[in-house]
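Colleague: Provided below: model.tsv, containing TSV, C-alpha atoms.
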chain	number	residue	atom	x	y	z
A	7	MET	CA	99.50	71.98	48.20
A	8	LEU	CA	101.42	74.39	45.98
A	9	GLY	CA	103.47	75.54	48.95
A	10	TYR	CA	104.23	71.93	49.86
A	11	LEU	CA	105.33	71.15	46.33
A	12	ILE	CA	107.55	74.22	46.18
A	13	GLY	CA	109.08	73.35	49.54
A	14	ALA	CA	109.66	69.77	48.46
A	15	GLY	CA	111.24	70.99	45.25
A	16	ILE	CA	113.59	73.32	47.11
A	17	ALA	CA	114.52	70.58	49.57
A	18	GLY	CA	115.19	68.20	46.71
A	19	GLY	CA	117.33	70.79	44.96
A	20	VAL	CA	119.36	71.44	48.10
A	21	ALA	CA	119.87	67.71	48.63
A	22	SER	CA	120.95	67.31	45.02
A	23	ALA	CA	123.37	70.22	45.31
A	24	ALA	CA	124.75	68.83	48.57
A	25	GLY	CA	125.37	65.48	46.93
A	26	TYR	CA	127.08	67.14	44.00
A	27	GLN	CA	129.30	69.20	46.28
A	28	SER	CA	130.43	66.08	48.16
A	29	MET	CA	131.97	64.75	44.94
A	30	ALA	CA	132.66	67.86	42.82
A	31	PRO	CA	136.43	68.37	42.51
A	32	THR	CA	136.29	72.14	42.99
A	33	GLY	CA	133.32	72.25	45.38
A	34	GLN	CA	133.99	74.03	48.67
A	35	TRP	CA	130.71	73.60	50.57
A	36	TYR	CA	132.11	71.07	53.02
A	37	GLY	CA	135.44	72.75	53.67
A	38	LYS	CA	138.38	74.28	51.88
A	39	THR	CA	140.46	72.06	49.64
A	40	PHE	CA	143.34	72.97	47.35
A	41	THR	CA	142.42	72.97	43.66
A	42	GLY	CA	145.15	75.07	42.05
A	43	LEU	CA	146.23	78.65	41.47
A	44	GLU	CA	144.43	81.58	39.93
A	45	ARG	CA	143.40	81.15	36.33
A	46	GLY	CA	146.10	82.27	33.93
A	47	SER	CA	149.09	81.14	35.98
A	48	LYS	CA	151.85	79.44	33.98
A	49	SER	CA	152.22	76.75	36.66
A	50	MET	CA	150.74	73.26	36.34
A	51	ALA	CA	150.82	70.33	38.75
A	52	LEU	CA	150.62	66.77	37.49
A	53	THR	CA	149.10	64.40	40.06
A	54	TYR	CA	148.74	60.63	39.82
A	55	ASP	CA	146.37	58.49	41.88
A	56	ASP	CA	146.07	54.82	42.89
A	57	GLY	CA	149.70	53.74	42.81
A	58	PRO	CA	152.25	52.48	43.36
A	59	ASN	CA	151.63	50.21	40.40
A	60	ASP	CA	153.96	47.74	38.76
A	61	PRO	CA	155.19	48.42	36.08
A	62	HIS	CA	153.55	51.68	35.03
A	63	THR	CA	154.63	53.88	37.93
A	64	LEU	CA	158.25	53.10	37.12
A	65	ARG	CA	157.69	53.78	33.41
A	66	LEU	CA	156.09	57.08	34.31
A	67	LEU	CA	159.13	57.97	36.41
A	68	GLU	CA	161.27	57.50	33.30
A	69	VAL	CA	159.08	59.94	31.36
A	70	LEU	CA	159.15	62.52	34.13
A	71	ALA	CA	162.93	62.22	34.48
A	72	ARG	CA	163.44	62.69	30.75
A	73	HIS	CA	161.47	65.94	30.89
A	74	GLU	CA	162.96	66.98	34.24
A	75	VAL	CA	159.47	67.30	35.74
A	76	ARG	CA	158.41	66.52	39.29
A	77	ALA	CA	154.90	65.35	40.11
A	78	THR	CA	152.75	64.37	43.08
A	79	PHE	CA	151.58	60.79	43.64
A	80	PHE	CA	148.58	59.98	45.85
A	81	MET	CA	149.16	56.40	46.96
A	82	ILE	CA	146.96	53.61	48.29
A	83	GLY	CA	148.35	52.18	51.50
A	84	ARG	CA	147.82	48.51	50.70
A	85	TYR	CA	149.83	48.92	47.51
A	86	VAL	CA	152.50	50.82	49.40
A	87	GLU	CA	152.86	47.79	51.67
A	88	GLN	CA	153.13	45.51	48.63
A	89	ARG	CA	155.71	47.58	46.75
A	90	PRO	CA	157.57	49.93	49.08
A	91	ASP	CA	160.50	49.78	46.65
A	92	ILE	CA	158.47	51.67	44.04
A	93	VAL	CA	157.48	54.28	46.63
A	94	ARG	CA	161.14	54.78	47.49
A	95	GLU	CA	161.95	55.25	43.79
A	96	VAL	CA	159.23	57.90	43.51
A	97	VAL	CA	160.53	59.87	46.49
A	98	ARG	CA	164.19	59.36	45.55
A	99	ALA	CA	163.44	60.97	42.16
A	100	GLY	CA	162.18	64.12	43.90
A	101	HIS	CA	158.46	63.55	43.56
A	102	CYS	CA	155.95	63.92	46.41
A	103	ALA	CA	153.96	61.06	47.91
A	104	GLY	CA	150.47	61.74	49.28
A	105	ASN	CA	147.86	59.79	51.25
A	106	HIS	CA	145.03	58.23	49.22
A	107	THR	CA	143.72	56.06	52.09
A	108	PHE	CA	144.61	52.45	52.78
A	109	SER	CA	142.07	50.66	50.57
A	110	HIS	CA	140.31	53.39	48.54
A	111	PRO	CA	136.76	53.45	50.01
A	112	LEU	CA	134.23	56.18	49.27
A	113	LEU	CA	134.64	58.11	52.52
A	114	ILE	CA	131.34	60.00	52.46
A	115	PHE	CA	129.63	56.77	53.56
A	116	GLN	CA	132.20	55.70	56.17
A	117	PRO	CA	131.94	56.23	59.96
A	118	GLU	CA	134.49	58.57	61.48
A	119	MET	CA	136.42	55.71	63.09
A	120	GLU	CA	136.92	54.08	59.69
A	121	ILE	CA	137.91	57.37	58.04
A	122	ARG	CA	140.59	57.90	60.66
A	123	SER	CA	141.77	54.31	60.36
A	124	GLN	CA	142.04	54.55	56.56
A	125	LEU	CA	144.19	57.66	56.76
A	126	GLU	CA	146.34	56.47	59.66
A	127	ARG	CA	147.05	53.09	58.08
A	128	CYS	CA	148.15	54.75	54.85
A	129	GLU	CA	150.33	57.16	56.84
A	130	ARG	CA	152.03	54.25	58.60
A	131	ALA	CA	152.61	52.42	55.32
A	132	LEU	CA	154.23	55.49	53.76
A	133	ALA	CA	156.32	56.14	56.87
A	134	ASP	CA	157.55	52.54	56.85
A	135	ALA	CA	158.43	52.81	53.15
A	136	VAL	CA	160.21	56.18	53.06
A	137	GLY	CA	160.83	57.17	56.67
A	138	GLU	CA	158.13	59.82	57.00
A	139	PRO	CA	154.35	60.08	56.61
A	140	ALA	CA	152.60	62.13	53.96
A	141	HIS	CA	151.48	65.73	54.37
A	142	LEU	CA	148.93	65.69	51.55
A	143	PHE	CA	145.62	63.84	51.25
A	144	ARG	CA	143.27	63.18	48.37
A	145	PRO	CA	139.93	61.46	49.07
A	146	PRO	CA	139.12	58.48	46.83
A	147	PHE	CA	136.71	59.42	44.03
A	148	GLY	CA	136.92	62.97	45.43
A	149	GLY	CA	134.24	62.02	47.97
A	150	ARG	CA	134.27	64.02	51.19
A	151	ARG	CA	132.08	65.48	53.88
A	152	PRO	CA	133.04	67.83	56.74
A	153	ALA	CA	134.22	64.96	58.97
A	154	VAL	CA	136.59	63.70	56.27
A	155	LEU	CA	138.34	67.06	55.93
A	156	ARG	CA	138.37	67.64	59.69
A	157	ILE	CA	140.01	64.28	60.42
A	158	ALA	CA	142.53	64.80	57.63
A	159	ARG	CA	143.58	68.13	59.10
A	160	GLU	CA	143.72	66.67	62.62
A	161	LEU	CA	146.28	64.24	61.22
A	162	GLY	CA	148.28	67.07	59.67
A	163	LEU	CA	147.14	66.40	56.11
A	164	GLU	CA	146.33	69.08	53.53
A	165	PRO	CA	143.29	68.05	51.41
A	166	VAL	CA	144.05	68.31	47.70
A	167	MET	CA	141.56	67.98	44.86
A	168	TRP	CA	141.95	68.91	41.17
A	169	ASN	CA	140.40	71.07	38.46
A	170	VAL	CA	141.48	69.14	35.34
A	171	THR	CA	141.07	65.42	34.71
A	172	GLY	CA	142.14	63.24	31.82
A	173	TYR	CA	139.47	60.58	32.48
A	174	ASP	CA	142.28	58.13	31.89
A	175	TRP	CA	140.90	55.27	34.00
A	176	SER	CA	138.69	54.24	31.06
A	177	ALA	CA	140.26	56.12	28.16
A	178	PRO	CA	140.06	54.30	24.80
A	179	SER	CA	143.23	55.97	23.52
A	180	VAL	CA	146.14	58.26	24.33
A	181	GLU	CA	144.56	60.94	22.16
A	182	HIS	CA	141.38	60.78	24.25
A	183	ILE	CA	143.35	61.64	27.40
A	184	GLU	CA	145.14	64.47	25.63
A	185	ARG	CA	141.89	65.96	24.37
A	186	LYS	CA	140.23	65.79	27.78
A	187	VAL	CA	143.13	67.57	29.47
A	188	ALA	CA	143.57	70.17	26.72
A	189	GLY	CA	139.89	71.06	26.87
A	190	GLN	CA	140.12	72.05	30.53
A	191	VAL	CA	143.54	73.68	31.00
A	192	ARG	CA	143.27	77.37	31.89
A	193	GLY	CA	146.45	77.93	33.89
A	194	GLY	CA	147.33	77.20	37.51
A	195	ASP	CA	145.83	73.75	37.06
A	196	VAL	CA	146.00	70.60	39.18
A	197	VAL	CA	145.74	67.74	36.68
A	198	LEU	CA	144.34	64.37	37.78
A	199	LEU	CA	145.76	61.27	36.10
A	200	HIS	CA	146.30	57.69	37.29
A	201	ASP	CA	149.41	55.55	37.51
A	202	GLY	CA	147.44	52.67	39.07
A	203	GLY	CA	143.96	51.31	39.63
A	204	HIS	CA	142.16	50.93	42.94
A	205	LEU	CA	140.79	47.46	42.19
A	206	ALA	CA	144.09	45.63	41.83
A	207	MET	CA	147.82	46.03	41.37
A	208	GLY	CA	148.90	45.85	37.74
A	209	ALA	CA	146.24	48.05	36.13
A	210	ASP	CA	147.23	48.98	32.57
A	211	ARG	CA	148.19	52.65	32.59
A	212	SER	CA	150.35	52.58	29.46
A	213	ARG	CA	148.07	55.14	27.79
A	214	THR	CA	148.55	57.50	30.72
A	215	VAL	CA	152.33	57.12	30.52
A	216	THR	CA	152.35	58.01	26.82
A	217	ALA	CA	149.82	60.82	27.27
A	218	SER	CA	151.94	62.30	30.07
A	219	ASP	CA	154.95	62.34	27.77
A	220	ARG	CA	153.00	64.21	25.09
A	221	LEU	CA	151.25	66.61	27.48
A	222	ILE	CA	154.49	67.64	29.16
A	223	ALA	CA	156.14	68.31	25.81
A	224	ARG	CA	153.11	70.30	24.62
A	225	TYR	CA	152.76	72.53	27.65
A	226	LYS	CA	156.47	73.08	28.12
A	227	ALA	CA	156.57	74.31	24.53
A	228	GLU	CA	153.84	76.80	25.51
A	229	GLY	CA	156.00	78.14	28.32
A	230	ARG	CA	154.23	76.41	31.19
A	231	GLU	CA	156.08	75.18	34.27
A	232	PHE	CA	155.37	71.90	36.02
A	233	VAL	CA	155.55	71.95	39.83
A	234	THR	CA	154.64	69.69	42.73
A	235	ILE	CA	151.59	70.33	44.89
A	236	PRO	CA	153.69	71.60	47.83
A	237	GLU	CA	155.38	74.08	45.49
A	238	MET	CA	152.01	75.20	44.14
A	239	VAL	CA	150.54	75.57	47.64
A	240	GLN	CA	153.53	77.67	48.64
A	241	ARG	CA	152.96	79.95	45.66
A	242	ALA	CA	149.28	80.26	46.53
A	243	GLU	CA	150.13	81.30	50.08
A	244	ARG	CA	152.85	83.74	49.05
A	245	PRO	CA	151.68	87.31	49.82
A	246	GLN	CA	151.27	89.53	46.83
A	247	LEU	CA	153.70	92.46	46.96
A	248	SER	CA	152.07	95.78	46.25
A	249	ALA	CA	153.74	98.08	43.78
A	250	VAL	CA	155.77	100.93	45.27
A	251	SER	CA	155.79	104.16	43.30
Would you kindly transcribe this structure into structure tokens?
Modeller:
Amino acid sequence: MLGYLIGAGIAGGVASAAGYQSMAPTGQWYGKTFTGLERGSKSMALTYDDGPNDPHTLRLLEVLARHEVRATFFMIGRYVEQRPDIVREVVRAGHCAGNHTFSHPLLIFQPEMEIRSQLERCERALADAVGEPAHLFRPPFGGRRPAVLRIARELGLEPVMWNVTGYDWSAPSVEHIERKVAGQVRGGDVVLLHDGGHLAMGADRSRTVTASDRLIARYKAEGREFVTIPEMVQRAERPQLSAVS
């Protein structure tokens, strides 16, 4: 009986860990995903999910332009179809657009055919809007399993997660978002924020817009540099030059 209980406990622990890893932003059990640079780097990447969103994506673009910062936007395909003009403004301003599926389902529970369809439909929507598909992919809610990452890579998409989040989808104040981000920043960070909401177009992200303005000013004053995800990935892949005596 004791052996059975121990075995059941181990099995339960493994199952719990497996479930955690399927949603944990920095978990790597189910395949490699990009989560930032080595701790201590002066680079930061701002990423925004669930857009395009009227009017807050456009207001965020104004903030980013004022600070001369470029960011990465992971977009929902059905919103891209509704407001391709906003997508074009994002790309025209020098920001990157990524694939966040067509309708934002939790992919760990979806059959492979639906996973592929979600990614392909978002790719087509982005290609129709700006002339080319995305090269980056972020799973909704961070949920993934091996099939999700495999299909993404088969479609030429680099899976991107995060290691800092502002919890801005339900933040009671701008200060709350700032505190959440500040408590996690260690350098080389990929910061998750939201310019939209997956339930409907028009989600109020005014707090995120204001928080972004303050966070950029704060971290620029500390000497940090804001880059896009492709720029950060390139830095991560750059070979380290050994010192020559």
Colleague: I'd like a table as JSON lines: residues in segment 98-190 of chain A with an atom no more than 12 Å from segment 223-245 of chain A, each row giving the shortest atom pair and its distance in Å to one decimal, all atoms listed in the file counted, sorted by chain and rising residue number.
Modeller:
{"residue": "A:Gly100", "atom": "CA", "partner": "A:Thr234", "partner_atom": "CA", "distance": 9.4}
{"residue": "A:His101", "atom": "CA", "partner": "A:Thr234", "partner_atom": "CA", "distance": 7.3}
{"residue": "A:Cys102", "atom": "CA", "partner": "A:Thr234", "partner_atom": "CA", "distance": 7.0}
{"residue": "A:Ala103", "atom": "CA", "partner": "A:Ile235", "partner_atom": "CA", "distance": 10.0}
{"residue": "A:Gly104", "atom": "CA", "partner": "A:Ile235", "partner_atom": "CA", "distance": 9.7}
{"residue": "A:Ala140", "atom": "CA", "partner": "A:Pro236", "partner_atom": "CA", "distance": 11.3}
{"residue": "A:His141", "atom": "CA", "partner": "A:Pro236", "partner_atom": "CA", "distance": 9.1}
{"residue": "A:Leu142", "atom": "CA", "partner": "A:Pro236", "partner_atom": "CA", "distance": 8.5}
{"residue": "A:Phe143", "atom": "CA", "partner": "A:Ile235", "partner_atom": "CA", "distance": 10.9}
{"residue": "A:Arg144", "atom": "CA", "partner": "A:Ile235", "partner_atom": "CA", "distance": 11.5}
{"residue": "A:Leu163", "atom": "CA", "partner": "A:Pro236", "partner_atom": "CA", "distance": 11.8}
{"residue": "A:Glu164", "atom": "CA", "partner": "A:Pro236", "partner_atom": "CA", "distance": 9.6}
{"residue": "A:Pro165", "atom": "CA", "partner": "A:Ile235", "partner_atom": "CA", "distance": 10.8}
{"residue": "A:Val166", "atom": "CA", "partner": "A:Ile235", "partner_atom": "CA", "distance": 8.3}
{"residue": "A:Met167", "atom": "CA", "partner": "A:Ile235", "partner_atom": "CA", "distance": 10.3}
{"residue": "A:Trp168", "atom": "CA", "partner": "A:Ile235", "partner_atom": "CA", "distance": 10.4}
{"residue": "A:Glu184", "atom": "CA", "partner": "A:Arg224", "partner_atom": "CA", "distance": 9.9}
{"residue": "A:Val187", "atom": "CA", "partner": "A:Tyr225", "partner_atom": "CA", "distance": 11.0}
{"residue": "A:Ala188", "atom": "CA", "partner": "A:Tyr225", "partner_atom": "CA", "distance": 9.5}
Colleague: Using Å and a single decimal, report how far atom CA of Asp210 of chain A sits from atom CA of Arg72 of chain A.
Modeller: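 Straight-line distance from atom CA of Arg72 of chain A to atom CA of Asp210 of chain A works out to 21.3 Å.
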Colleague: Between atom CA of Val197 of chain A and atom CA of Glu118 of chain A, measure the distance and give it in Å to one decimal.
Modeller: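 That distance, rounded to one decimal, is 28.7 Å.
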Colleague: Kindly compute an axis-aligned box around the listed atoms of segment 237-245 of chain A, allowing 5 Å on each side, and express its centre and edge lengths in Å to one decimal as AutoDock Vina command-line options.
Modeller:
--center_x 152.3 --center_y 80.7 --center_z 47.1 --size_x 16.1 --size_y 23.2 --size_z 15.9
Colleague: Using all atoms listed in the file, can you tell me which of A:Val215, A:Met29, A:Met207, A:Met119 comes closest to Asp60 of chain A?
Modeller: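 Checking each of A:Val215, A:Met29, A:Met207, A:Met119 against Asp60 of chain A, counting all atoms listed in the file, the winner is A:Met207.
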Colleague: Could you tell me how far atom CA of Ser212 of chain A sits from atom CA of Val180 of chain A, in Å to one decimal place?
Modeller: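 The value is 8.7 Å.
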Colleague: Give me, as a ChimeraX atom specification, all polymer residues having an atom no more than 7 Å from Asp174 of chain A, counting only C-alpha atoms and skipping those fewer than 5 positions away in the same chain.
Modeller: /A:183,199-200,214
Colleague: Between A:Met81, A:Leu221, A:Val86, A:Val170, which has the minimum distance to Thr32 of chain A (counting all atoms listed in the file)?
Modeller: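 With all atoms listed in the file as the atom set, the closest residue is A:Val170.
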Colleague: Just checking: using only C-alpha atoms, which residue out of A:Val154, A:Leu66, A:Val196, A:Val191 ends up closest to Thr107 of chain A?
Modeller: A:Val154
Colleague: Restricting the calculation to only C-alpha atoms, which member of A:Gly148, A:Pro31, A:Gly162, A:Pro58 is positioned closest to Gly208 of chain A?
Modeller: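 For Gly208 of chain A, the nearest of the candidates is A:Pro58.
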Colleague: Of the residues A:Arg213, A:Arg65, A:Phe80, A:Pro90, which is the one nearest to Gly137 of chain A, using all atoms listed in the file?
Modeller: A:Pro90
Colleague: Would you kindly return, as a ChimeraX atom specification, each protein, DNA or RNA residue with an atom no farther than 8 Å from any atom of Leu43 of chain A, considering all atoms listed in the file and excluding same-chain residues fewer than 3 positions away?
Modeller: /A:47,49,193-195,238,242
Colleague: Ranking A:Phe115, A:Trp35, A:Phe79, A:Trp175 by minimum distance to Val93 of chain A and counting all atoms listed in the file, which one comes first?
Modeller: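 With all atoms listed in the file as the atom set, the closest residue is A:Phe79.
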Colleague: Determine, counting all atoms listed in the file, which protein, DNA and RNA residues have an atom within 8 Å of an atom of segment 129-131 of chain A; residues of the same chain fewer than 2 positions away are not included. Present the result as a list in words.
Modeller: Gly83, Arg84, Val86, Glu87, Asn105, Leu125, Glu126, Arg127, Ala133, Asp134, Ala135, Pro139 and Ala140 of chain A
Colleague: Tell me, as a list in words, which residues lie within 9 Å of Ser109 of chain A, counting only C-alpha atoms; anything in the same chain fewer than 4 positions away does not count.
Modeller: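 The residues that qualify are Ile82, Gly83, Arg84, Tyr85, Gln124, Cys128 and His204 of chain A.
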